[in-house]
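coords_14.txt follows (compact mmCIF, C-alpha atoms):
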# COMPACT_ATOMS: atom_id res chain seq x y z
CA MET Q 1 168.56 95.44 164.03
CA THR Q 2 168.63 99.18 164.83
CA VAL Q 3 165.26 99.56 163.12
CA TYR Q 4 163.65 97.16 165.59
CA LEU Q 5 165.21 98.99 168.54
CA LEU Q 6 163.99 102.37 167.22
CA CYS Q 7 160.53 100.87 166.81
CA PHE Q 8 160.63 99.74 170.47
CA ILE Q 9 161.73 103.23 171.50
CA LEU Q 10 158.71 104.67 169.68
CA PHE Q 11 156.47 102.26 171.61
CA LEU Q 12 158.11 103.25 174.89
CA THR Q 13 157.64 106.95 174.08
CA GLY Q 14 153.93 106.35 173.77
CA LEU Q 15 153.92 104.38 177.03
CA TYR Q 16 155.73 107.24 178.79
CA GLY Q 17 153.04 109.62 177.59
CA VAL Q 18 150.25 107.37 178.84
CA ILE Q 19 151.86 107.05 182.29
CA THR Q 20 152.92 110.62 182.99
CA ARG Q 21 150.44 112.91 181.21
CA ARG Q 22 147.32 114.18 182.97
CA ASN Q 23 145.49 115.56 179.94
CA LEU Q 24 143.03 113.12 178.40
CA ILE Q 25 143.65 114.18 174.79
CA LYS Q 26 147.39 113.72 175.21
CA ILE Q 27 146.73 110.23 176.58
CA ALA Q 28 144.69 109.49 173.44
CA ILE Q 29 147.54 110.75 171.22
CA SER Q 30 150.06 108.60 173.12
CA LEU Q 31 147.82 105.54 172.70
CA SER Q 32 147.71 106.08 168.94
CA VAL Q 33 151.52 106.45 168.90
CA MET Q 34 151.80 103.03 170.57
CA GLU Q 35 149.38 101.65 167.97
CA PHE Q 36 151.46 103.04 165.08
CA SER Q 37 154.66 101.52 166.47
CA THR Q 38 152.97 98.11 166.51
CA PHE Q 39 151.91 98.52 162.86
CA LEU Q 40 155.46 99.52 161.90
CA PHE Q 41 156.88 96.50 163.72
CA LEU Q 42 154.57 94.06 161.91
CA ALA Q 43 155.38 95.61 158.53
CA LEU Q 44 159.12 95.40 159.33
CA VAL Q 45 158.87 91.71 160.26
CA GLY Q 46 157.27 90.84 156.92
CA TYR Q 47 159.80 92.68 154.76
CA ARG Q 48 162.22 90.73 152.55
CA GLU Q 49 165.33 92.21 150.98
CA GLY Q 50 164.71 92.88 147.28
CA GLY Q 51 161.04 91.89 147.54
CA VAL Q 52 158.25 93.56 145.62
CA ALA Q 53 154.71 94.37 146.74
CA PRO Q 54 152.52 91.23 147.01
CA ILE Q 55 150.65 91.66 143.72
CA VAL Q 56 151.38 88.78 141.38
CA ASP Q 57 152.37 89.66 137.84
CA THR Q 58 150.67 86.93 135.78
CA ALA Q 59 153.21 87.31 132.97
CA ASP Q 60 156.19 86.71 135.27
CA PRO Q 61 155.01 85.03 138.49
CA VAL Q 62 158.40 83.95 139.89
CA LYS Q 63 159.67 86.86 141.97
CA THR Q 64 160.52 87.54 145.59
CA TYR Q 65 157.39 88.84 147.26
CA VAL Q 66 156.97 90.56 150.61
CA ASP Q 67 155.09 88.43 153.17
CA PRO Q 68 151.36 89.27 152.76
CA LEU Q 69 150.18 87.92 156.14
CA PRO Q 70 151.37 90.79 158.44
CA GLN Q 71 150.08 93.29 155.88
CA ALA Q 72 146.64 91.67 155.98
CA LEU Q 73 146.62 91.86 159.79
CA VAL Q 74 147.68 95.52 159.83
CA LEU Q 75 145.16 96.44 157.09
CA THR Q 76 142.20 95.55 159.28
CA ALA Q 77 143.85 96.86 162.45
CA ILE Q 78 144.25 100.39 161.00
CA VAL Q 79 140.50 100.76 160.39
CA ILE Q 80 139.74 99.35 163.84
CA GLY Q 81 142.20 101.91 165.23
CA LEU Q 82 140.17 104.72 163.68
CA ALA Q 83 136.96 103.40 165.22
CA THR Q 84 138.48 102.98 168.69
CA THR Q 85 140.08 106.45 168.56
CA ALA Q 86 136.72 107.93 167.65
CA MET Q 87 135.09 106.06 170.55
CA LEU Q 88 137.81 107.37 172.90
CA MET Q 89 137.10 110.88 171.64
CA ALA Q 90 133.38 110.36 172.31
CA VAL Q 91 134.13 109.34 175.92
CA ILE Q 92 136.50 112.32 176.34
CA ILE Q 93 133.99 114.86 175.02
CA ARG Q 94 131.32 113.43 177.33
CA ILE Q 95 133.69 113.80 180.31
CA TYR Q 96 134.47 117.38 179.30
CA ARG Q 97 130.76 118.25 179.14
CA LYS Q 98 130.22 116.80 182.62
CA TYR Q 99 133.27 118.11 184.50
CA GLY Q 100 134.53 121.01 182.37
CA THR Q 101 138.15 119.87 182.36
CA PHE Q 102 140.49 117.41 180.66
CA ASP Q 103 142.71 116.95 183.73
CA ILE Q 104 142.33 113.47 185.23
CA ARG Q 105 143.57 114.51 188.70
CA GLU Q 106 141.00 117.30 188.91
CA ILE Q 107 138.24 114.93 187.78
CA LYS Q 108 139.22 112.62 190.60
CA ASN Q 109 139.12 115.49 193.11
CA LEU Q 110 135.71 116.63 191.86
CA ARG Q 111 134.19 113.24 192.49
CA GLY Q 112 135.31 113.55 196.14
CA MET I 1 132.63 128.55 153.97
CA THR I 2 132.86 130.77 150.88
CA VAL I 3 131.30 130.09 147.49
CA ILE I 4 134.65 129.05 146.01
CA VAL I 5 135.16 126.29 148.57
CA LYS I 6 131.58 125.07 148.15
CA LYS I 7 131.77 124.87 144.37
CA THR I 8 135.21 123.20 144.42
CA THR I 9 134.07 120.52 146.86
CA GLN I 10 130.94 119.98 144.77
CA LEU I 11 133.13 119.24 141.77
CA ILE I 12 135.71 117.14 143.64
CA ALA I 13 133.50 115.03 145.91
CA GLY I 14 131.94 113.09 143.05
CA ILE I 15 135.34 112.23 141.63
CA ILE I 16 136.56 111.04 145.04
CA PHE I 17 133.41 108.91 145.33
CA LEU I 18 134.12 107.32 141.93
CA TYR I 19 137.73 106.70 142.97
CA GLY I 20 136.52 104.88 146.08
CA ILE I 21 134.23 102.68 143.98
CA TYR I 22 137.15 101.95 141.63
CA ILE I 23 139.37 100.96 144.56
CA ILE I 24 136.68 98.61 145.90
CA LEU I 25 135.85 96.94 142.57
CA HIS I 26 139.52 96.40 141.66
CA GLY I 27 140.42 95.19 145.16
CA HIS I 28 141.55 91.78 143.91
CA LEU I 29 143.69 93.21 141.09
CA THR I 30 145.40 96.36 142.37
CA PRO I 31 146.35 97.69 145.84
CA GLY I 32 143.28 98.53 147.85
CA GLY I 33 140.13 96.62 148.63
CA GLY I 34 137.09 96.94 150.81
CA PHE I 35 138.74 98.62 153.77
CA ALA I 36 140.66 101.27 151.77
CA GLY I 37 137.77 102.02 149.41
CA GLY I 38 135.26 102.26 152.25
CA VAL I 39 137.33 104.84 154.08
CA ILE I 40 137.67 106.87 150.86
CA LEU I 41 133.89 106.74 150.30
CA ALA I 42 133.31 108.04 153.83
CA GLY I 43 135.94 110.72 153.19
CA SER I 44 134.00 112.15 150.24
CA PHE I 45 130.88 112.56 152.37
CA ILE I 46 132.89 114.10 155.22
CA LEU I 47 134.42 116.59 152.76
CA LEU I 48 130.94 117.69 151.66
CA ILE I 49 129.68 118.01 155.24
CA LEU I 50 132.73 120.05 156.30
CA ALA I 51 132.43 122.44 153.36
CA TRP I 52 128.66 122.98 153.41
CA GLY I 53 128.05 123.00 157.14
CA SER I 54 125.51 120.85 158.92
CA ASP I 55 122.45 122.89 157.95
CA PHE I 56 121.96 121.72 154.39
CA LEU I 57 121.17 118.11 155.25
CA HIS I 58 118.88 116.41 157.71
CA LEU I 59 121.45 114.96 160.10
CA VAL I 60 119.26 112.56 162.04
CA ARG I 61 117.78 111.01 158.91
CA GLU I 62 121.28 110.58 157.42
CA GLU I 63 122.43 108.92 160.62
CA GLN I 64 119.50 106.51 160.62
CA GLY I 65 120.23 105.60 157.01
CA SER I 66 123.93 105.01 157.55
CA THR I 67 123.27 102.87 160.64
CA LEU I 68 120.79 100.78 158.62
CA TYR I 69 123.27 100.26 155.76
CA GLU I 70 126.06 99.36 158.18
CA ASN I 71 124.03 96.64 159.89
CA LEU I 72 122.63 95.28 156.60
CA ALA I 73 126.14 95.07 155.12
CA ILE I 74 127.58 93.10 158.05
CA LEU I 75 124.57 90.74 157.81
CA VAL I 76 125.23 90.21 154.11
CA VAL I 77 128.90 89.47 154.81
CA LEU I 78 127.83 86.87 157.36
CA PHE I 79 125.37 85.39 154.86
CA LEU I 80 128.08 85.23 152.17
CA ALA I 81 130.35 83.42 154.63
CA LEU I 82 127.53 80.93 155.31
CA SER I 83 126.57 80.59 151.65
CA GLY I 84 129.09 77.81 151.16
CA LEU I 85 126.83 75.62 153.30
CA LEU I 86 123.89 76.25 150.96
CA ALA I 87 126.02 75.47 147.91
CA GLY I 88 127.01 72.15 149.40
CA VAL I 89 130.68 72.81 150.19
CA ASN I 90 130.21 72.50 153.98
CA VAL I 91 133.03 74.92 154.78
CA PHE I 92 132.63 78.31 156.47
CA PHE I 93 134.21 81.04 154.29
CA ALA I 94 134.49 78.73 151.28
CA ASN I 95 135.34 80.31 147.93
CA TRP I 96 132.85 78.20 145.98
CA LEU I 97 132.17 80.39 142.92
CA PRO I 98 134.25 79.63 139.78
CA HIS I 99 137.62 81.35 139.94
CA GLY I 100 137.98 82.47 136.33
CA THR I 101 141.19 83.74 134.78
CA PRO I 102 143.46 85.51 137.31
CA GLY I 103 143.98 89.15 136.34
CA GLU I 104 140.52 89.82 134.89
CA LEU I 105 137.85 91.96 136.55
CA LEU I 106 135.39 89.08 136.90
CA SER I 107 137.60 86.57 138.66
CA ALA I 108 138.55 85.36 142.15
CA GLY I 109 135.13 83.82 142.82
CA ILE I 110 133.39 85.31 145.83
CA LEU I 111 136.14 87.75 146.90
CA PRO I 112 134.80 90.82 144.97
CA LEU I 113 131.43 90.39 146.72
CA TYR I 114 133.17 90.40 150.13
CA ASN I 115 135.07 93.50 149.03
CA ILE I 116 131.89 95.35 148.02
CA PHE I 117 129.95 94.61 151.20
CA VAL I 118 132.86 95.21 153.57
CA GLY I 119 133.41 98.52 151.75
CA ILE I 120 129.78 99.53 152.35
CA GLU I 121 130.09 98.53 156.00
CA VAL I 122 133.30 100.50 156.63
CA ALA I 123 131.99 103.61 154.83
CA ALA I 124 128.70 103.56 156.75
CA SER I 125 130.46 102.97 160.09
CA ILE I 126 132.83 105.92 159.75
CA LEU I 127 130.08 108.18 158.45
CA THR I 128 127.89 107.18 161.42
CA ILE I 129 130.66 108.06 163.90
CA PHE I 130 131.21 111.45 162.26
CA LEU I 131 127.48 112.24 162.14
CA ALA I 132 127.05 111.23 165.78
CA LEU I 133 129.81 113.66 166.83
CA ILE I 134 128.25 116.49 164.79
CA ILE I 135 124.73 115.83 166.15
CA PHE I 136 126.11 115.84 169.71
CA LYS I 137 127.76 119.23 169.08
CA GLU I 138 124.52 120.67 167.67
CA GLU I 139 122.51 119.39 170.62
CA VAL I 140 124.95 120.98 173.06
CA LEU I 141 124.78 124.31 171.24
CA LYS I 142 120.98 124.43 171.47
CA MET V 1 166.66 100.88 152.95
CA GLU V 2 167.37 100.26 156.61
CA VAL V 3 169.03 103.67 156.96
CA ALA V 4 166.08 105.49 155.37
CA ILE V 5 163.55 103.75 157.63
CA SER V 6 165.74 104.47 160.68
CA VAL V 7 165.85 108.19 159.85
CA ILE V 8 162.07 108.32 159.41
CA THR V 9 161.57 106.44 162.69
CA ILE V 10 163.80 108.92 164.54
CA PHE V 11 161.65 111.70 163.03
CA MET V 12 158.55 109.90 164.32
CA ILE V 13 160.07 109.63 167.82
CA LEU V 14 160.86 113.37 167.85
CA GLY V 15 157.31 114.17 166.76
CA ALA V 16 155.88 111.95 169.48
CA ILE V 17 158.06 113.57 172.16
CA TYR V 18 156.99 117.04 171.04
CA ALA V 19 153.34 115.94 171.00
CA ILE V 20 153.65 114.72 174.59
CA HIS V 21 155.33 117.87 175.90
CA ALA V 22 153.57 120.65 173.94
CA ARG V 23 151.76 123.33 175.98
CA ASP V 24 149.04 123.87 173.38
CA ILE V 25 146.76 120.87 172.86
CA LEU V 26 146.10 121.81 169.22
CA SER V 27 149.80 121.76 168.35
CA ALA V 28 150.08 118.44 170.21
CA VAL V 29 147.38 117.02 167.93
CA ILE V 30 149.13 118.33 164.82
CA ALA V 31 152.47 116.93 166.02
CA GLY V 32 150.75 113.59 166.53
CA GLY V 33 149.87 113.81 162.83
CA ILE V 34 153.62 113.79 162.05
CA VAL V 35 153.81 110.24 163.39
CA GLY V 36 150.90 109.03 161.29
CA TYR V 37 152.01 110.60 158.02
CA SER V 38 155.62 109.42 158.45
CA LEU V 39 154.20 105.92 158.86
CA VAL V 40 152.73 106.24 155.33
CA ILE V 41 156.25 106.79 153.91
CA CYS V 42 157.54 103.81 155.91
CA PHE V 43 154.78 101.60 154.45
CA LEU V 44 155.64 102.73 150.92
CA LEU V 45 159.33 101.95 151.48
CA LEU V 46 158.42 98.54 152.93
CA GLN V 47 156.45 97.63 149.76
CA ALA V 48 153.01 97.78 151.31
CA PRO V 49 150.88 100.03 149.06
CA ASP V 50 147.58 98.69 150.48
CA LEU V 51 148.53 99.88 153.95
CA ALA V 52 149.72 103.26 152.67
CA ILE V 53 146.36 103.98 150.99
CA VAL V 54 144.40 103.09 154.12
CA GLN V 55 146.73 104.86 156.54
CA ILE V 56 146.80 108.21 154.72
CA VAL V 57 143.00 108.48 154.60
CA VAL V 58 142.50 107.19 158.15
CA GLU V 59 145.07 109.63 159.53
CA THR V 60 143.32 112.54 157.83
CA ILE V 61 139.92 111.58 159.27
CA THR V 62 141.44 111.04 162.74
CA LEU V 63 143.01 114.51 162.61
CA ILE V 64 139.68 116.05 161.57
CA ILE V 65 137.87 114.40 164.50
CA MET V 66 140.59 115.33 167.04
CA VAL V 67 140.84 118.95 165.87
CA ALA V 68 137.05 119.25 166.01
CA VAL V 69 137.03 117.96 169.61
CA VAL V 70 139.87 120.29 170.68
CA LEU V 71 138.40 123.40 169.05
CA ASP V 72 135.09 122.61 170.72
CA SER V 73 136.67 122.60 174.21
CA SER V 74 139.74 124.00 175.94
CA ARG V 75 143.08 124.35 174.16
CA VAL V 76 145.40 124.98 177.11
CA GLU V 77 146.85 122.23 179.25
CA ALA V 78 145.87 123.12 182.79
CA TYR V 79 148.92 121.95 184.72
CA SER V 80 152.15 121.54 182.81
CA ARG V 81 154.27 122.68 185.82
CA PHE V 82 156.27 119.99 187.62
CA ASP V 83 155.41 119.49 191.29
CA ARG V 84 156.65 116.74 193.62
CA ARG V 85 154.02 114.21 192.59
CA ALA V 86 154.83 114.74 188.92
CA TRP V 87 158.53 114.10 189.58
CA ILE V 88 157.70 110.84 191.38
CA THR V 89 155.47 109.72 188.49
CA ALA V 90 158.08 110.60 185.88
CA GLY V 91 160.83 108.81 187.82
CA THR V 92 158.75 105.66 188.18
CA ALA V 93 157.87 105.80 184.49
CA VAL V 94 161.52 106.10 183.45
CA VAL V 95 162.48 103.11 185.63
CA ILE V 96 159.67 100.99 184.11
CA LEU V 97 160.69 102.04 180.60
CA LEU V 98 164.34 101.16 181.20
CA VAL V 99 163.39 97.68 182.46
CA LEU V 100 161.06 97.15 179.48
CA PHE V 101 163.74 98.34 177.07
CA TRP V 102 166.20 95.83 178.54
CA PHE V 103 163.68 93.01 178.02
CA LEU V 104 162.86 94.09 174.47
CA ARG V 105 166.53 94.35 173.55
CA ALA V 106 167.09 90.83 174.86
CA ALA V 107 164.06 89.60 172.92
CA SER V 108 165.10 91.30 169.69
CA SER V 109 168.28 89.20 169.56
CA HIS V 110 166.00 86.25 168.69
CA LEU V 111 164.50 88.04 165.69
CA ALA V 112 165.87 87.43 162.22
CA PRO V 113 167.95 90.33 160.86
CA PHE V 114 166.06 93.02 158.97
CA GLY V 115 165.20 91.98 155.41
CA GLU V 116 165.38 88.22 156.00
CA SER V 117 161.86 87.26 156.97
CA SER V 118 161.93 83.96 158.84
CA LEU V 119 158.18 83.34 159.10
CA ARG V 120 157.54 79.72 158.18
CA MET V 121 154.05 80.32 156.81
CA ALA V 122 155.11 82.97 154.29
CA ASP V 123 155.94 80.54 151.50
CA ALA V 124 152.69 78.65 152.06
CA TYR V 125 150.75 81.91 151.63
CA ILE V 126 152.68 83.02 148.54
CA ASN V 127 153.28 79.86 146.48
CA GLY V 128 150.18 78.73 144.62
CA ALA V 129 147.92 81.29 146.29
CA VAL V 130 146.78 82.63 142.91
CA GLU V 131 145.54 79.20 141.83
CA ARG V 132 143.74 78.59 145.13
CA THR V 133 142.06 81.98 145.58
CA GLY V 134 142.00 83.36 142.02
CA SER V 135 143.03 86.78 143.37
CA VAL V 136 146.10 88.51 141.91
CA ASN V 137 146.42 90.77 144.97
CA LEU V 138 147.77 88.41 147.63
CA VAL V 139 146.73 90.66 150.52
CA THR V 140 143.06 90.49 149.47
CA GLY V 141 143.40 86.74 149.13
CA VAL V 142 144.74 86.45 152.68
CA VAL V 143 142.19 88.88 154.14
CA PHE V 144 139.05 87.31 152.67
CA ASP V 145 139.99 83.71 151.93
CA PHE V 146 142.75 82.26 154.12
CA ARG V 147 141.99 84.50 157.10
CA GLY V 148 138.26 85.08 156.68
CA TYR V 149 137.50 84.53 160.36
CA ASP V 150 139.85 87.36 161.34
CA THR V 151 138.15 89.75 158.96
CA LEU V 152 134.69 88.83 160.21
CA GLY V 153 135.89 89.45 163.77
CA GLU V 154 137.36 92.83 162.89
CA ALA V 155 134.16 93.86 161.08
CA THR V 156 132.19 92.90 164.19
CA VAL V 157 134.52 95.02 166.34
CA LEU V 158 133.89 97.95 163.99
CA VAL V 159 130.11 97.58 164.37
CA THR V 160 130.50 97.32 168.15
CA ALA V 161 132.62 100.49 168.27
CA VAL V 162 129.96 102.38 166.29
CA LEU V 163 127.25 101.12 168.67
CA GLY V 164 129.44 102.30 171.56
CA VAL V 165 129.78 105.79 170.08
CA LEU V 166 126.01 106.00 169.51
CA THR V 167 125.31 104.81 173.06
CA ILE V 168 127.72 107.29 174.61
CA LEU V 169 126.78 110.37 172.57
CA ARG V 170 123.04 109.97 171.93
CA ILE V 171 121.76 109.82 175.48
CA ASN V 172 119.05 112.40 174.82
CA GLY V 173 117.47 110.15 172.25
CA LYS V 174 116.25 110.93 168.79
CA LYS V 175 112.91 112.51 169.75
CA LYS V 176 114.22 116.02 170.42
CA LEU V 177 115.63 116.83 166.99
CA THR V 178 113.05 115.21 164.74

Re-express the file's structure as structure tokens.
Amino acid sequence: MTVYLLCFILFLTGLYGVITRRNLIKIAISLSVMEFSTFLFLALVGYREGGVAPIVDTADPVKTYVDPLPQALVLTAIVIGLATTAMLMAVIIRIYRKYGTFDIREIKNLRG
Amino acid sequence: MTVIVKKTTQLIAGIIFLYGIYIILHGHLTPGGGFAGGVILAGSFILLILAWGSDFLHLVREEQGSTLYENLAILVVLFLALSGLLAGVNVFFANWLPHGTPGELLSAGILPLYNIFVGIEVAASILTIFLALIIFKEEVLK
Amino acid sequence: MEVAISVITIFMILGAIYAIHARDILSAVIAGGIVGYSLVICFLLLQAPDLAIVQIVVETITLIIMVAVVLDSSRVEAYSRFDRRAWITAGTAVVILLVLFWFLRAASSHLAPFGESSLRMADAYINGAVERTGSVNLVTGVVFDFRGYDTLGEATVLVTAVLGVLTILRINGKKKLT
């Protein structure tokens, strides 16, 4: 049970970063921290005590296997996470070229 | 970069590329599959670009090619998903090819084909993102 | 097993806190890498080799992109000093986090204990999956056969993200460079 609580604390750390930081790159890092905590939670939910990785041994098929469904969901979500992080970086670098700063409060002031 | 780095990456990048192809083709037997292998394939190209700089290849042409392959691959995946209708199974995403013996390379019906084309799509997508960032940097420098 | 994963998770939390509070943006990016690479070890301990392979390569490419963006622009955080507005924001954030933590703790009492997966569909996906899909790797069987719609959706999202990057970055068009 402590593992789940630590996983939640990791999520909340990322949320704290998103709320309080003013630097755009730090907000991007905090978002990816939240993403990682979600992946860890899904992998934790699917784990079974004494289970082996979900690759069936055809010689000895009766074993305890880890649940493959959360792993399949996380597998696709990791690659999507890379694409969305890269898109976030593209937006951030565009903003930097236009305003010359990463600070969201200053960007707001510059727009008037 | 220095000559040592360039030569080392020249030797390594091909092996990484082969490893990515291995991961994709054995996706239904060992850990890995289209997503993992595609990212490794893109990684070998990114390694070469980082070591050799952006001058030795024609960036815009590379980007056009990778965009084309990405879109073609997602179309082929869609066609494979629809191919069950042509074969008379009438189910979207039907595994209608013969399954074969589990544990052999040619088995699992249509799943290796999905693995191959999703691998091409993921590799081309990540390479396109990287090339777009580099081209933007070059345009700003000019 | 639970103790090992707890220790690694505490390490991840410390790395995340340092990444949020670092003065130098480059060291913040590197400290964010701690979280990603520790996640690889967690996946290996949780018997998920597929995820470990993907995560270690994806984290490397993410770090390359982030470091390239930071080195291309400014490295110093402009305002790390606390003024009155920053205190108000931090106080509000802590209150929200405490409330959320209370809810999550209450919700986690409904979860099964660690190591005893209680998902009803797990047995349906494991038993007889090899005969139905022909794939020895159960994760590949779930990704492309049982859950094919999900995979098609995720692939579409990937294509859309790439189109978004091209739209945002290539405003000048392709005529200038060719």

Taking 5 positions as the minimum chain separation for residues in the same chain, which residues sit within 10 Å of Gly32 of chain I when counting all atoms listed in the file? Answer as an MDAnalysis selection string. (chainID Q and resid 75) or (chainID I and resid 20 22:27 37:38 115) or (chainID V and resid 49:54 137 139:140)

Using all atoms listed in the file: which of I:Phe93, I:Phe56, I:Tyr19, I:Phe35 has the shortest distance to Ala123 of chain I: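 Of I:Phe93, I:Phe56, I:Tyr19, I:Phe35, the one nearest Ala123 of chain I is I:Phe35, counting all atoms listed in the file.
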
Which one of I:Val5, I:Ile120, I:Ile16, I:Ile74 sits closest to chain V if you count all atoms listed in the file? I:Ile74

Given all atoms listed in the file as the counted atoms, nearest of I:Thr2, I:Ser107, I:Ser44, I:Thr30 to Leu18 of chain I: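 Ranking I:Thr2, I:Ser107, I:Ser44, I:Thr30 by distance to Leu18 of chain I, first place goes to I:Ser44.
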
Could you list, as a PyMOL selection string, every residue of chain I that has an atom within 9 Å of an atom of chain V, counting only C-alpha atoms? chain I and resi 27-37+39-40+43+46+60-61+67+70-71+74+77-78+81+92-95+98-103+107-109+111+114-115+118+121-122+125-126+128-130+132-133+135-137+139

For chain Q, the nearest of the candidates V:Leu26, V:Val67, V:Leu97, V:Ile8, counting only C-alpha atoms: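 Of V:Leu26, V:Val67, V:Leu97, V:Ile8, the one nearest chain Q, counting only C-alpha atoms, is V:Leu97.
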